[in-house]
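This is start_18.pdb (PDB, C-alpha atoms and all ligand atoms).
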```
ATOM      1  CA  MET L   1       7.025   8.128 -43.406  1.00  0.00           C
ATOM      2  CA  LEU L   2       7.001   8.613 -39.609  1.00  0.00           C
ATOM      3  CA  ASN L   3       5.740   5.691 -37.511  1.00  0.00           C
ATOM      4  CA  VAL L   4       4.294   6.800 -34.152  1.00  0.00           C
ATOM      5  CA  VAL L   5       4.350   4.201 -31.367  1.00  0.00           C
ATOM      6  CA  LEU L   6       2.586   4.840 -28.078  1.00  0.00           C
ATOM      7  CA  ILE L   7       4.514   3.051 -25.322  1.00  0.00           C
ATOM      8  CA  ALA L   8       2.906   2.604 -21.908  1.00  0.00           C
ATOM      9  CA  ALA L   9       2.862   0.364 -18.867  1.00  0.00           C
ATOM     10  CA  GLN L  10      -0.375  -0.176 -17.032  1.00  0.00           C
ATOM     11  CA  SER L  11      -1.999  -2.140 -14.238  1.00  0.00           C
ATOM     12  CA  ILE L  12      -4.348  -5.032 -15.029  1.00  0.00           C
ATOM     13  CA  ASP L  13      -7.242  -2.615 -14.500  1.00  0.00           C
ATOM     14  CA  GLY L  14      -5.882  -0.107 -16.989  1.00  0.00           C
ATOM     15  CA  PHE L  15      -4.152   2.590 -14.944  1.00  0.00           C
ATOM     16  CA  ILE L  16      -0.814   4.125 -15.939  1.00  0.00           C
ATOM     17  CA  THR L  17      -0.315   5.593 -12.446  1.00  0.00           C
ATOM     18  CA  ARG L  18      -0.955   4.178  -9.001  1.00  0.00           C
ATOM     19  CA  SER L  19      -3.835   6.430  -7.967  1.00  0.00           C
ATOM     20  CA  GLU L  20      -2.538  10.019  -7.953  1.00  0.00           C
ATOM     21  CA  GLU L  21       1.103   9.057  -7.273  1.00  0.00           C
ATOM     22  CA  PRO L  22       3.382  10.371 -10.011  1.00  0.00           C
ATOM     23  CA  GLY L  23       5.974   8.106 -11.547  1.00  0.00           C
ATOM     24  CA  THR L  24       6.185   4.530 -12.786  1.00  0.00           C
ATOM     25  CA  ASP L  25       7.723   2.861  -9.734  1.00  0.00           C
ATOM     26  CA  PHE L  26       5.225   0.033 -10.146  1.00  0.00           C
ATOM     27  CA  CYS L  27       6.942  -1.103 -13.341  1.00  0.00           C
ATOM     28  CA  SER L  28       8.884  -4.339 -13.096  1.00  0.00           C
ATOM     29  CA  GLN L  29      12.563  -4.807 -13.786  1.00  0.00           C
ATOM     30  CA  ALA L  30      11.524  -6.834 -16.854  1.00  0.00           C
ATOM     31  CA  ASP L  31       9.568  -3.867 -18.231  1.00  0.00           C
ATOM     32  CA  GLN L  32      12.377  -1.409 -17.512  1.00  0.00           C
ATOM     33  CA  GLU L  33      14.831  -3.607 -19.382  1.00  0.00           C
ATOM     34  CA  PHE L  34      12.412  -4.006 -22.276  1.00  0.00           C
ATOM     35  CA  PHE L  35      11.708  -0.260 -22.352  1.00  0.00           C
ATOM     36  CA  PHE L  36      15.299   0.941 -22.513  1.00  0.00           C
ATOM     37  CA  LYS L  37      16.212  -1.669 -25.115  1.00  0.00           C
ATOM     38  CA  ALA L  38      13.133  -0.804 -27.209  1.00  0.00           C
ATOM     39  CA  LEU L  39      13.939   2.918 -27.170  1.00  0.00           C
ATOM     40  CA  LYS L  40      17.044   2.199 -29.232  1.00  0.00           C
ATOM     41  CA  GLU L  41      14.708   1.571 -32.199  1.00  0.00           C
ATOM     42  CA  PHE L  42      13.527   5.197 -32.176  1.00  0.00           C
ATOM     43  CA  ASP L  43      15.132   8.335 -33.537  1.00  0.00           C
ATOM     44  CA  CYS L  44      12.747  10.665 -31.713  1.00  0.00           C
ATOM     45  CA  LEU L  45      10.632  10.704 -28.566  1.00  0.00           C
ATOM     46  CA  ILE L  46       7.699  12.851 -27.466  1.00  0.00           C
ATOM     47  CA  MET L  47       6.660  13.356 -23.865  1.00  0.00           C
ATOM     48  CA  GLY L  48       4.542  15.777 -21.895  1.00  0.00           C
ATOM     49  CA  ARG L  49       6.216  18.344 -19.661  1.00  0.00           C
ATOM     50  CA  LYS L  50       5.066  16.563 -16.474  1.00  0.00           C
ATOM     51  CA  THR L  51       6.529  13.226 -17.575  1.00  0.00           C
ATOM     52  CA  TYR L  52       9.728  15.004 -18.641  1.00  0.00           C
ATOM     53  CA  GLU L  53      10.095  16.564 -15.205  1.00  0.00           C
ATOM     54  CA  LEU L  54       9.905  13.115 -13.606  1.00  0.00           C
ATOM     55  CA  SER L  55      12.803  11.806 -15.715  1.00  0.00           C
ATOM     56  CA  ARG L  56      14.619  15.073 -16.263  1.00  0.00           C
ATOM     57  CA  GLU L  57      17.666  14.247 -14.126  1.00  0.00           C
ATOM     58  CA  SER L  58      18.427  11.002 -15.916  1.00  0.00           C
ATOM     59  CA  ILE L  59      17.801  12.548 -19.344  1.00  0.00           C
ATOM     60  CA  HIS L  60      20.212  15.391 -18.687  1.00  0.00           C
ATOM     61  CA  ALA L  61      22.741  13.186 -16.839  1.00  0.00           C
ATOM     62  CA  SER L  62      23.015  11.053 -19.977  1.00  0.00           C
ATOM     63  CA  LYS L  63      23.644  14.262 -21.986  1.00  0.00           C
ATOM     64  CA  ALA L  64      20.661  13.072 -24.044  1.00  0.00           C
ATOM     65  CA  THR L  65      22.472  13.440 -27.324  1.00  0.00           C
ATOM     66  CA  ASN L  66      21.581  10.072 -28.856  1.00  0.00           C
ATOM     67  CA  ARG L  67      18.074  10.980 -30.076  1.00  0.00           C
ATOM     68  CA  LEU L  68      15.710  13.925 -30.301  1.00  0.00           C
ATOM     69  CA  ARG L  69      13.279  14.404 -27.424  1.00  0.00           C
ATOM     70  CA  LYS L  70      10.380  16.781 -27.960  1.00  0.00           C
ATOM     71  CA  ILE L  71       8.834  17.972 -24.714  1.00  0.00           C
ATOM     72  CA  TRP L  72       5.261  19.178 -25.069  1.00  0.00           C
ATOM     73  CA  THR L  73       4.440  22.324 -23.082  1.00  0.00           C
ATOM     74  CA  ARG L  74       2.271  25.387 -23.550  1.00  0.00           C
ATOM     75  CA  ASN L  75       5.202  27.474 -22.306  1.00  0.00           C
ATOM     76  CA  PRO L  76       8.290  26.439 -24.292  1.00  0.00           C
ATOM     77  CA  GLU L  77       9.936  29.812 -23.667  1.00  0.00           C
ATOM     78  CA  THR L  78      10.192  29.145 -19.906  1.00  0.00           C
ATOM     79  CA  TRP L  79      12.304  26.040 -20.617  1.00  0.00           C
ATOM     80  CA  GLU L  80      14.919  27.652 -22.889  1.00  0.00           C
ATOM     81  CA  GLN L  81      17.675  27.067 -20.304  1.00  0.00           C
ATOM     82  CA  SER L  82      17.024  23.316 -20.397  1.00  0.00           C
ATOM     83  CA  GLU L  83      17.217  23.020 -24.194  1.00  0.00           C
ATOM     84  CA  ILE L  84      19.881  20.877 -25.801  1.00  0.00           C
ATOM     85  CA  PRO L  85      19.465  21.476 -29.552  1.00  0.00           C
ATOM     86  CA  ARG L  86      18.727  18.275 -31.499  1.00  0.00           C
ATOM     87  CA  ALA L  87      18.436  16.335 -28.210  1.00  0.00           C
ATOM     88  CA  VAL L  88      15.998  18.032 -25.786  1.00  0.00           C
ATOM     89  CA  GLU L  89      13.659  20.589 -27.335  1.00  0.00           C
ATOM     90  CA  PHE L  90      10.442  22.143 -26.015  1.00  0.00           C
ATOM     91  CA  THR L  91       7.427  22.775 -28.200  1.00  0.00           C
ATOM     92  CA  GLY L  92       3.931  24.177 -27.899  1.00  0.00           C
ATOM     93  CA  LYS L  93       2.873  23.138 -31.397  1.00  0.00           C
ATOM     94  CA  THR L  94      -0.186  20.980 -32.081  1.00  0.00           C
ATOM     95  CA  PRO L  95       0.358  17.198 -32.310  1.00  0.00           C
ATOM     96  CA  GLU L  96       0.028  17.398 -36.124  1.00  0.00           C
ATOM     97  CA  GLU L  97       2.608  20.203 -36.292  1.00  0.00           C
ATOM     98  CA  VAL L  98       5.021  18.385 -33.977  1.00  0.00           C
ATOM     99  CA  LEU L  99       4.930  15.272 -36.178  1.00  0.00           C
ATOM    100  CA  SER L 100       5.180  17.306 -39.363  1.00  0.00           C
ATOM    101  CA  GLU L 101       8.342  18.975 -38.056  1.00  0.00           C
ATOM    102  CA  LEU L 102       9.832  15.599 -37.112  1.00  0.00           C
ATOM    103  CA  ARG L 103       9.079  14.298 -40.618  1.00  0.00           C
ATOM    104  CA  ASP L 104      10.717  17.371 -42.156  1.00  0.00           C
ATOM    105  CA  ARG L 105      13.795  16.677 -40.058  1.00  0.00           C
ATOM    106  CA  GLY L 106      14.014  13.160 -41.507  1.00  0.00           C
ATOM    107  CA  LYS L 107      12.812  11.230 -38.467  1.00  0.00           C
ATOM    108  CA  THR L 108      11.131   7.868 -39.122  1.00  0.00           C
ATOM    109  CA  GLN L 109      10.425   6.205 -35.747  1.00  0.00           C
ATOM    110  CA  CYS L 110       8.752   8.187 -32.979  1.00  0.00           C
ATOM    111  CA  ALA L 111       8.000   6.892 -29.470  1.00  0.00           C
ATOM    112  CA  LEU L 112       5.136   8.629 -27.686  1.00  0.00           C
ATOM    113  CA  LEU L 113       5.986   8.325 -23.993  1.00  0.00           C
ATOM    114  CA  GLY L 114       3.024   9.916 -22.206  1.00  0.00           C
ATOM    115  CA  GLY L 115       1.616  10.801 -19.801  1.00  0.00           C
ATOM    116  CA  GLU L 116      -2.127  10.837 -20.005  1.00  0.00           C
ATOM    117  CA  GLU L 117      -2.637  14.340 -21.468  1.00  0.00           C
ATOM    118  CA  THR L 118      -0.057  13.668 -24.143  1.00  0.00           C
ATOM    119  CA  TYR L 119      -1.264  10.182 -25.054  1.00  0.00           C
ATOM    120  CA  SER L 120      -4.857  11.511 -25.185  1.00  0.00           C
ATOM    121  CA  ALA L 121      -4.080  14.394 -27.484  1.00  0.00           C
ATOM    122  CA  PHE L 122      -2.232  12.264 -30.044  1.00  0.00           C
ATOM    123  CA  LEU L 123      -4.837   9.472 -29.886  1.00  0.00           C
ATOM    124  CA  ASN L 124      -7.682  11.967 -30.262  1.00  0.00           C
ATOM    125  CA  ALA L 125      -6.002  13.388 -33.331  1.00  0.00           C
ATOM    126  CA  GLY L 126      -5.705   9.865 -34.829  1.00  0.00           C
ATOM    127  CA  LEU L 127      -1.913  10.089 -34.946  1.00  0.00           C
ATOM    128  CA  VAL L 128      -0.907   6.855 -33.199  1.00  0.00           C
ATOM    129  CA  ASP L 129       0.110   3.994 -35.517  1.00  0.00           C
ATOM    130  CA  GLU L 130       1.109   1.393 -32.931  1.00  0.00           C
ATOM    131  CA  LEU L 131       0.480   0.782 -29.263  1.00  0.00           C
ATOM    132  CA  TRP L 132       3.006  -1.137 -27.147  1.00  0.00           C
ATOM    133  CA  LEU L 133       1.542  -2.004 -23.805  1.00  0.00           C
ATOM    134  CA  THR L 134       3.101  -3.677 -20.790  1.00  0.00           C
ATOM    135  CA  VAL L 135       0.567  -5.150 -18.368  1.00  0.00           C
ATOM    136  CA  GLU L 136       1.949  -5.286 -14.835  1.00  0.00           C
ATOM    137  CA  PRO L 137       0.351  -7.811 -12.433  1.00  0.00           C
ATOM    138  CA  VAL L 138      -1.220  -5.217 -10.100  1.00  0.00           C
ATOM    139  CA  LEU L 139      -4.608  -3.601  -9.533  1.00  0.00           C
ATOM    140  CA  PHE L 140      -4.787   0.101  -8.630  1.00  0.00           C
ATOM    141  CA  GLY L 141      -8.510   0.851  -8.651  1.00  0.00           C
ATOM    142  CA  SER L 142      -7.840   4.482  -9.584  1.00  0.00           C
ATOM    143  CA  GLY L 143      -5.265   6.637 -11.324  1.00  0.00           C
ATOM    144  CA  LYS L 144      -4.501   8.094 -14.722  1.00  0.00           C
ATOM    145  CA  ARG L 145      -5.313   6.189 -17.883  1.00  0.00           C
ATOM    146  CA  ILE L 146      -3.953   6.299 -21.428  1.00  0.00           C
ATOM    147  CA  SER L 147      -6.949   8.535 -22.068  1.00  0.00           C
ATOM    148  CA  GLN L 148      -9.892   9.726 -20.007  1.00  0.00           C
ATOM    149  CA  ASN L 149     -11.682  10.925 -23.134  1.00  0.00           C
ATOM    150  CA  ARG L 150     -13.894   8.930 -25.426  1.00  0.00           C
ATOM    151  CA  ILE L 151     -11.850   7.559 -28.328  1.00  0.00           C
ATOM    152  CA  GLU L 152     -12.856   5.172 -31.087  1.00  0.00           C
ATOM    153  CA  THR L 153      -9.741   3.587 -32.480  1.00  0.00           C
ATOM    154  CA  SER L 154      -9.311  -0.071 -33.378  1.00  0.00           C
ATOM    155  CA  PHE L 155      -6.099  -2.050 -33.309  1.00  0.00           C
ATOM    156  CA  SER L 156      -5.015  -5.526 -34.330  1.00  0.00           C
ATOM    157  CA  LEU L 157      -2.891  -7.547 -31.946  1.00  0.00           C
ATOM    158  CA  GLU L 158       0.424  -8.159 -33.703  1.00  0.00           C
ATOM    159  CA  LYS L 159       2.540  -9.748 -30.980  1.00  0.00           C
ATOM    160  CA  THR L 160       2.396 -10.947 -27.377  1.00  0.00           C
ATOM    161  CA  GLU L 161       5.451 -11.613 -25.289  1.00  0.00           C
ATOM    162  CA  ARG L 162       5.999 -12.663 -21.684  1.00  0.00           C
ATOM    163  CA  LEU L 163       8.671 -10.297 -20.390  1.00  0.00           C
ATOM    164  CA  SER L 164       8.760 -12.383 -17.174  1.00  0.00           C
ATOM    165  CA  PRO L 165       6.413 -15.039 -15.703  1.00  0.00           C
ATOM    166  CA  ASP L 166       3.986 -12.312 -14.544  1.00  0.00           C
ATOM    167  CA  VAL L 167       4.506  -9.468 -17.008  1.00  0.00           C
ATOM    168  CA  LEU L 168       2.863  -9.415 -20.400  1.00  0.00           C
ATOM    169  CA  HIS L 169       3.812  -7.230 -23.339  1.00  0.00           C
ATOM    170  CA  LEU L 170       1.338  -6.545 -26.152  1.00  0.00           C
ATOM    171  CA  LYS L 171       2.027  -4.936 -29.530  1.00  0.00           C
ATOM    172  CA  TYR L 172      -0.937  -3.550 -31.449  1.00  0.00           C
ATOM    173  CA  LYS L 173      -1.212  -1.879 -34.875  1.00  0.00           C
ATOM    174  CA  ARG L 174      -3.958   0.602 -35.698  1.00  0.00           C
ATOM    175  CA  THR L 175      -6.484  -0.737 -38.191  1.00  0.00           C
ATOM    176  CA  ARG L 176      -8.497   2.476 -38.741  1.00  0.00           C
TER
HETATM  177  N1  LIG R 201       2.712   4.107 -16.977  1.00  0.00           N
HETATM  178  C1  LIG R 201       3.254   4.720 -17.993  1.00  0.00           C
HETATM  179  O1  LIG R 201       3.613   4.118 -19.013  1.00  0.00           O
HETATM  180  C2  LIG R 201       3.441   6.231 -17.951  1.00  0.00           C
HETATM  181  C3  LIG R 201       4.107   6.865 -19.004  1.00  0.00           C
HETATM  182  C4  LIG R 201       4.293   8.239 -18.934  1.00  0.00           C
HETATM  183  C5  LIG R 201       3.832   8.946 -17.848  1.00  0.00           C
HETATM  184  N2  LIG R 201       3.186   8.302 -16.846  1.00  0.00           N
HETATM  185  C6  LIG R 201       2.672   9.061 -15.704  1.00  0.00           C
HETATM  186  O2  LIG R 201       1.715  10.001 -16.183  1.00  0.00           O
HETATM  187  C7  LIG R 201       1.745  11.131 -15.310  1.00  0.00           C
HETATM  188  C8  LIG R 201       1.859  12.381 -16.128  1.00  0.00           C
HETATM  189  O3  LIG R 201       0.778  12.462 -17.018  1.00  0.00           O
HETATM  190  P1  LIG R 201      -0.003  13.828 -17.187  1.00  0.00           P
HETATM  191  O4  LIG R 201      -1.167  13.572 -18.071  1.00  0.00           O
HETATM  192  O5  LIG R 201      -0.279  14.412 -15.834  1.00  0.00           O
HETATM  193  O6  LIG R 201       1.062  14.792 -17.860  1.00  0.00           O
HETATM  194  P2  LIG R 201       1.935  14.764 -19.229  1.00  0.00           P
HETATM  195  O7  LIG R 201       1.102  14.301 -20.360  1.00  0.00           O
HETATM  196  O8  LIG R 201       3.222  14.092 -18.965  1.00  0.00           O
HETATM  197  O9  LIG R 201       2.245  16.325 -19.387  1.00  0.00           O
HETATM  198  C9  LIG R 201       1.184  17.230 -19.376  1.00  0.00           C
HETATM  199  C10 LIG R 201       1.681  18.547 -19.908  1.00  0.00           C
HETATM  200  O10 LIG R 201       1.679  18.540 -21.338  1.00  0.00           O
HETATM  201  C11 LIG R 201       1.559  19.878 -21.784  1.00  0.00           C
HETATM  202  N3  LIG R 201       0.406  20.005 -22.675  1.00  0.00           N
HETATM  203  C12 LIG R 201      -0.839  19.505 -22.500  1.00  0.00           C
HETATM  204  N4  LIG R 201      -1.643  19.904 -23.502  1.00  0.00           N
HETATM  205  C13 LIG R 201      -0.875  20.688 -24.322  1.00  0.00           C
HETATM  206  C14 LIG R 201      -1.140  21.397 -25.503  1.00  0.00           C
HETATM  207  N5  LIG R 201      -2.360  21.405 -26.067  1.00  0.00           N
HETATM  208  N6  LIG R 201      -0.132  22.080 -26.083  1.00  0.00           N
HETATM  209  C15 LIG R 201       1.105  22.088 -25.537  1.00  0.00           C
HETATM  210  N7  LIG R 201       1.418  21.428 -24.385  1.00  0.00           N
HETATM  211  C16 LIG R 201       0.422  20.748 -23.801  1.00  0.00           C
HETATM  212  C17 LIG R 201       1.311  20.748 -20.547  1.00  0.00           C
HETATM  213  O11 LIG R 201       2.572  21.254 -20.119  1.00  0.00           O
HETATM  214  P3  LIG R 201       2.672  22.696 -19.383  1.00  0.00           P
HETATM  215  O12 LIG R 201       1.906  22.542 -18.108  1.00  0.00           O
HETATM  216  O13 LIG R 201       4.127  22.915 -19.203  1.00  0.00           O
HETATM  217  O14 LIG R 201       2.032  23.677 -20.330  1.00  0.00           O
HETATM  218  C18 LIG R 201       0.789  19.726 -19.549  1.00  0.00           C
HETATM  219  O15 LIG R 201       0.941  20.118 -18.201  1.00  0.00           O
HETATM  220  C19 LIG R 201       2.912  10.950 -14.375  1.00  0.00           C
HETATM  221  O16 LIG R 201       2.431  10.515 -13.113  1.00  0.00           O
HETATM  222  C20 LIG R 201       3.743   9.882 -15.029  1.00  0.00           C
HETATM  223  O17 LIG R 201       4.471   9.114 -14.096  1.00  0.00           O
HETATM  224  C21 LIG R 201       2.984   6.954 -16.868  1.00  0.00           C
END
```

Could you spell out this file's structure in structure tokens?
Ligand SMILES: NC(=O)c1ccc[n+]([C@@H]2O[C@H](COP(=O)([O-])OP(=O)(O)OC[C@H]3O[C@@H](n4cnc5c(N)ncnc54)[C@H](OP(=O)(O)O)[C@@H]3O)[C@@H](O)[C@H]2O)c1
Amino acid sequence: MLNVVLIAAQSIDGFITRSEEPGTDFCSQADQEFFFKALKEFDCLIMGRKTYELSRESIHASKATNRLRKIWTRNPETWEQSEIPRAVEFTGKTPEEVLSELRDRGKTQCALLGGEETYSAFLNAGLVDELWLTVEPVLFGSGKRISQNRIETSFSLEKTERLSPDVLHLKYKRTR
């Protein structure tokens, strides 16, 4: 059994980026601390190639050997030099195939780390079991979202936590 948890931080108005600016600089210290602590619960991570490139230096600086990261790209062959077997691997498989491979390799807890294209694809395929959302106390008015596409998925709210006086964390479980 592989549990897939979508983890994201967003503005009050539902944007995961500040307009077109890449990166998550808007995230609070409280969220960063929560995020890195929470990642310890997972034995594998999935992220899109664009999100990987934004955190590539820190991933590789840490030698990245503690858990498997699958980087989603249509061109895995161009990233062969950056591969660290069992730690940083590139794949062009479908979301279903990526998860099936992780299951076959004995993984049980998978964090889906974005960005928008990656979240969308796994949500559209109905492959997200839980959604962990940090709401930062900002409005952006525009930017990327968890998904721009129409999706019909329902969740139940399992837990709310104040990470700091202004920052809310919500844990949802998919109901159908
Ligand atoms: N607030 C948050 O919690 C949060 C979390 C994560 C990211 N973000 C932000 O989100 C932004 C990035 O999101 P994004 O949507 O632009 O990019 P992304 O999801 O990180 O990566 C997109 C890439 O995924 C690959 N991909 C897409 N469809 C694919 C398919 N069918 N098969 C194989 N690979 C596929 C492609 O890589 P190739 O082009 O290499 O083929 C595509 O360029 C950044 O600004 C980042 O800071 C925010």

Please write as a PDB file with C-alpha atoms, keeping the file's coordinate frame the full residue list that the PyMOL selection byres (((chain L and resi 141-145) around 10) and not hetatm) yields on this file.
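This is the output file expr_6.pdb:
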```
ATOM      1  CA  ALA L   8       2.906   2.604 -21.908  1.00  0.00           C
ATOM      2  CA  GLN L  10      -0.375  -0.176 -17.032  1.00  0.00           C
ATOM      3  CA  SER L  11      -1.999  -2.140 -14.238  1.00  0.00           C
ATOM      4  CA  ILE L  12      -4.348  -5.032 -15.029  1.00  0.00           C
ATOM      5  CA  ASP L  13      -7.242  -2.615 -14.500  1.00  0.00           C
ATOM      6  CA  GLY L  14      -5.882  -0.107 -16.989  1.00  0.00           C
ATOM      7  CA  PHE L  15      -4.152   2.590 -14.944  1.00  0.00           C
ATOM      8  CA  ILE L  16      -0.814   4.125 -15.939  1.00  0.00           C
ATOM      9  CA  THR L  17      -0.315   5.593 -12.446  1.00  0.00           C
ATOM     10  CA  ARG L  18      -0.955   4.178  -9.001  1.00  0.00           C
ATOM     11  CA  SER L  19      -3.835   6.430  -7.967  1.00  0.00           C
ATOM     12  CA  GLU L  20      -2.538  10.019  -7.953  1.00  0.00           C
ATOM     13  CA  GLU L  21       1.103   9.057  -7.273  1.00  0.00           C
ATOM     14  CA  PRO L  22       3.382  10.371 -10.011  1.00  0.00           C
ATOM     15  CA  GLY L 115       1.616  10.801 -19.801  1.00  0.00           C
ATOM     16  CA  GLU L 116      -2.127  10.837 -20.005  1.00  0.00           C
ATOM     17  CA  GLU L 117      -2.637  14.340 -21.468  1.00  0.00           C
ATOM     18  CA  TYR L 119      -1.264  10.182 -25.054  1.00  0.00           C
ATOM     19  CA  SER L 120      -4.857  11.511 -25.185  1.00  0.00           C
ATOM     20  CA  VAL L 138      -1.220  -5.217 -10.100  1.00  0.00           C
ATOM     21  CA  LEU L 139      -4.608  -3.601  -9.533  1.00  0.00           C
ATOM     22  CA  PHE L 140      -4.787   0.101  -8.630  1.00  0.00           C
ATOM     23  CA  ILE L 146      -3.953   6.299 -21.428  1.00  0.00           C
ATOM     24  CA  SER L 147      -6.949   8.535 -22.068  1.00  0.00           C
ATOM     25  CA  GLN L 148      -9.892   9.726 -20.007  1.00  0.00           C
ATOM     26  CA  ASN L 149     -11.682  10.925 -23.134  1.00  0.00           C
TER      27      ASN L 149
END
```

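For the residues L:Ser58, L:Asn75, L:Gln109, L:Ser28, ranking by smallest atom-to-atom distance to Cys44 in chain L using all atoms listed in the file places L:Gln109 first.
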
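For the pair CA of Thr51 in chain L and atom C15 of ligand LIG 201 (chain R), the separation is 13.1 Å.
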
_Answer key for the PyMOL selection byres (((chain L and resi 87) around 9) and not hetatm), residues as a count of residues only_ = 15

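Reported to one decimal place, the separation of atom O9 of ligand LIG 201 (chain R) from CA of Trp79 in chain L is 14.0 Å.
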
*For the point (-4.5, -2.4, -29.8) in file coordinates, what residues are within 12 Å, counting all atoms listed in the file? Give the answer as a ChimeraX atom specification?*
/L:5-8,123,128-134,152-160,169-176

Please enclose the listed atoms of range 139-155 of chain L in an axis-aligned box, pad each side by 3 Å, and write out the centre and the three edge lengths in Å, rounded to one decimal, as lines of an AutoDock Vina configuration file.
```
center_x = -8.9
center_y = 3.7
center_z = -21.0
size_x = 15.9
size_y = 20.5
size_z = 30.7
```

*Residue nearest Thr108 in chain L - candidates L:Phe42, L:Phe122, L:Tyr52, L:Phe90, atoms counted: all atoms listed in the file*: L:Phe42

*Apply the PyMOL selection byres (((chain L and resi 99-102) around 10) and not hetatm) to the file shown and report the selected residues as JSON, numbers by chain.*
{"L": [2, 3, 4, 43, 44, 45, 46, 68, 70, 93, 94, 95, 96, 97, 98, 103, 104, 105, 106, 107, 108, 109, 110, 122, 127]}

Starting from the incomplete input, reconstruct N, CA, C and O atoms of range 123-136 of chain L and report them as an mmCIF file, keeping the file's coordinate frame.
```
data_model
loop_
_atom_site.group_PDB
_atom_site.id
_atom_site.type_symbol
_atom_site.label_atom_id
_atom_site.label_comp_id
_atom_site.auth_asym_id
_atom_site.auth_seq_id
_atom_site.Cartn_x
_atom_site.Cartn_y
_atom_site.Cartn_z
ATOM 1 N N LEU L 123 -3.808 10.464 -29.537
ATOM 2 C CA LEU L 123 -4.837 9.472 -29.886
ATOM 3 C C LEU L 123 -6.066 10.162 -30.459
ATOM 4 O O LEU L 123 -6.625 9.748 -31.467
ATOM 5 N N ASN L 124 -6.493 11.240 -29.796
ATOM 6 C CA ASN L 124 -7.682 11.967 -30.262
ATOM 7 C C ASN L 124 -7.503 12.496 -31.676
ATOM 8 O O ASN L 124 -8.458 12.570 -32.439
ATOM 9 N N ALA L 125 -6.272 12.860 -31.995
ATOM 10 C CA ALA L 125 -6.002 13.388 -33.331
ATOM 11 C C ALA L 125 -5.771 12.264 -34.345
ATOM 12 O O ALA L 125 -5.494 12.526 -35.518
ATOM 13 N N GLY L 126 -5.861 11.014 -33.908
ATOM 14 C CA GLY L 126 -5.705 9.865 -34.829
ATOM 15 C C GLY L 126 -4.280 9.707 -35.325
ATOM 16 O O GLY L 126 -4.057 9.247 -36.448
ATOM 17 N N LEU L 127 -3.300 10.051 -34.475
ATOM 18 C CA LEU L 127 -1.913 10.089 -34.946
ATOM 19 C C LEU L 127 -1.053 8.935 -34.433
ATOM 20 O O LEU L 127 0.154 8.932 -34.648
ATOM 21 N N VAL L 128 -1.678 7.969 -33.758
ATOM 22 C CA VAL L 128 -0.907 6.855 -33.199
ATOM 23 C C VAL L 128 -1.031 5.646 -34.129
ATOM 24 O O VAL L 128 -2.127 5.200 -34.432
ATOM 25 N N ASP L 129 0.108 5.137 -34.595
ATOM 26 C CA ASP L 129 0.110 3.994 -35.517
ATOM 27 C C ASP L 129 0.188 2.661 -34.793
ATOM 28 O O ASP L 129 -0.373 1.669 -35.233
ATOM 29 N N GLU L 130 0.944 2.643 -33.685
ATOM 30 C CA GLU L 130 1.109 1.393 -32.931
ATOM 31 C C GLU L 130 0.992 1.680 -31.445
ATOM 32 O O GLU L 130 1.294 2.797 -30.991
ATOM 33 N N LEU L 131 0.589 0.665 -30.721
ATOM 34 C CA LEU L 131 0.480 0.782 -29.263
ATOM 35 C C LEU L 131 1.237 -0.390 -28.648
ATOM 36 O O LEU L 131 0.928 -1.546 -28.960
ATOM 37 N N TRP L 132 2.229 -0.094 -27.824
ATOM 38 C CA TRP L 132 3.006 -1.137 -27.147
ATOM 39 C C TRP L 132 2.682 -1.035 -25.661
ATOM 40 O O TRP L 132 3.001 -0.014 -25.013
ATOM 41 N N LEU L 133 2.079 -2.067 -25.151
ATOM 42 C CA LEU L 133 1.542 -2.004 -23.805
ATOM 43 C C LEU L 133 2.132 -3.101 -22.931
ATOM 44 O O LEU L 133 2.064 -4.277 -23.284
ATOM 45 N N THR L 134 2.684 -2.700 -21.796
ATOM 46 C CA THR L 134 3.101 -3.677 -20.790
ATOM 47 C C THR L 134 2.005 -3.760 -19.736
ATOM 48 O O THR L 134 1.555 -2.733 -19.229
ATOM 49 N N VAL L 135 1.575 -4.970 -19.422
ATOM 50 C CA VAL L 135 0.567 -5.150 -18.368
ATOM 51 C C VAL L 135 1.267 -5.711 -17.129
ATOM 52 O O VAL L 135 1.780 -6.835 -17.150
ATOM 53 N N GLU L 136 1.315 -4.877 -16.094
ATOM 54 C CA GLU L 136 1.949 -5.286 -14.835
ATOM 55 C C GLU L 136 0.895 -5.994 -13.961
ATOM 56 O O GLU L 136 -0.277 -5.614 -13.982
#
```
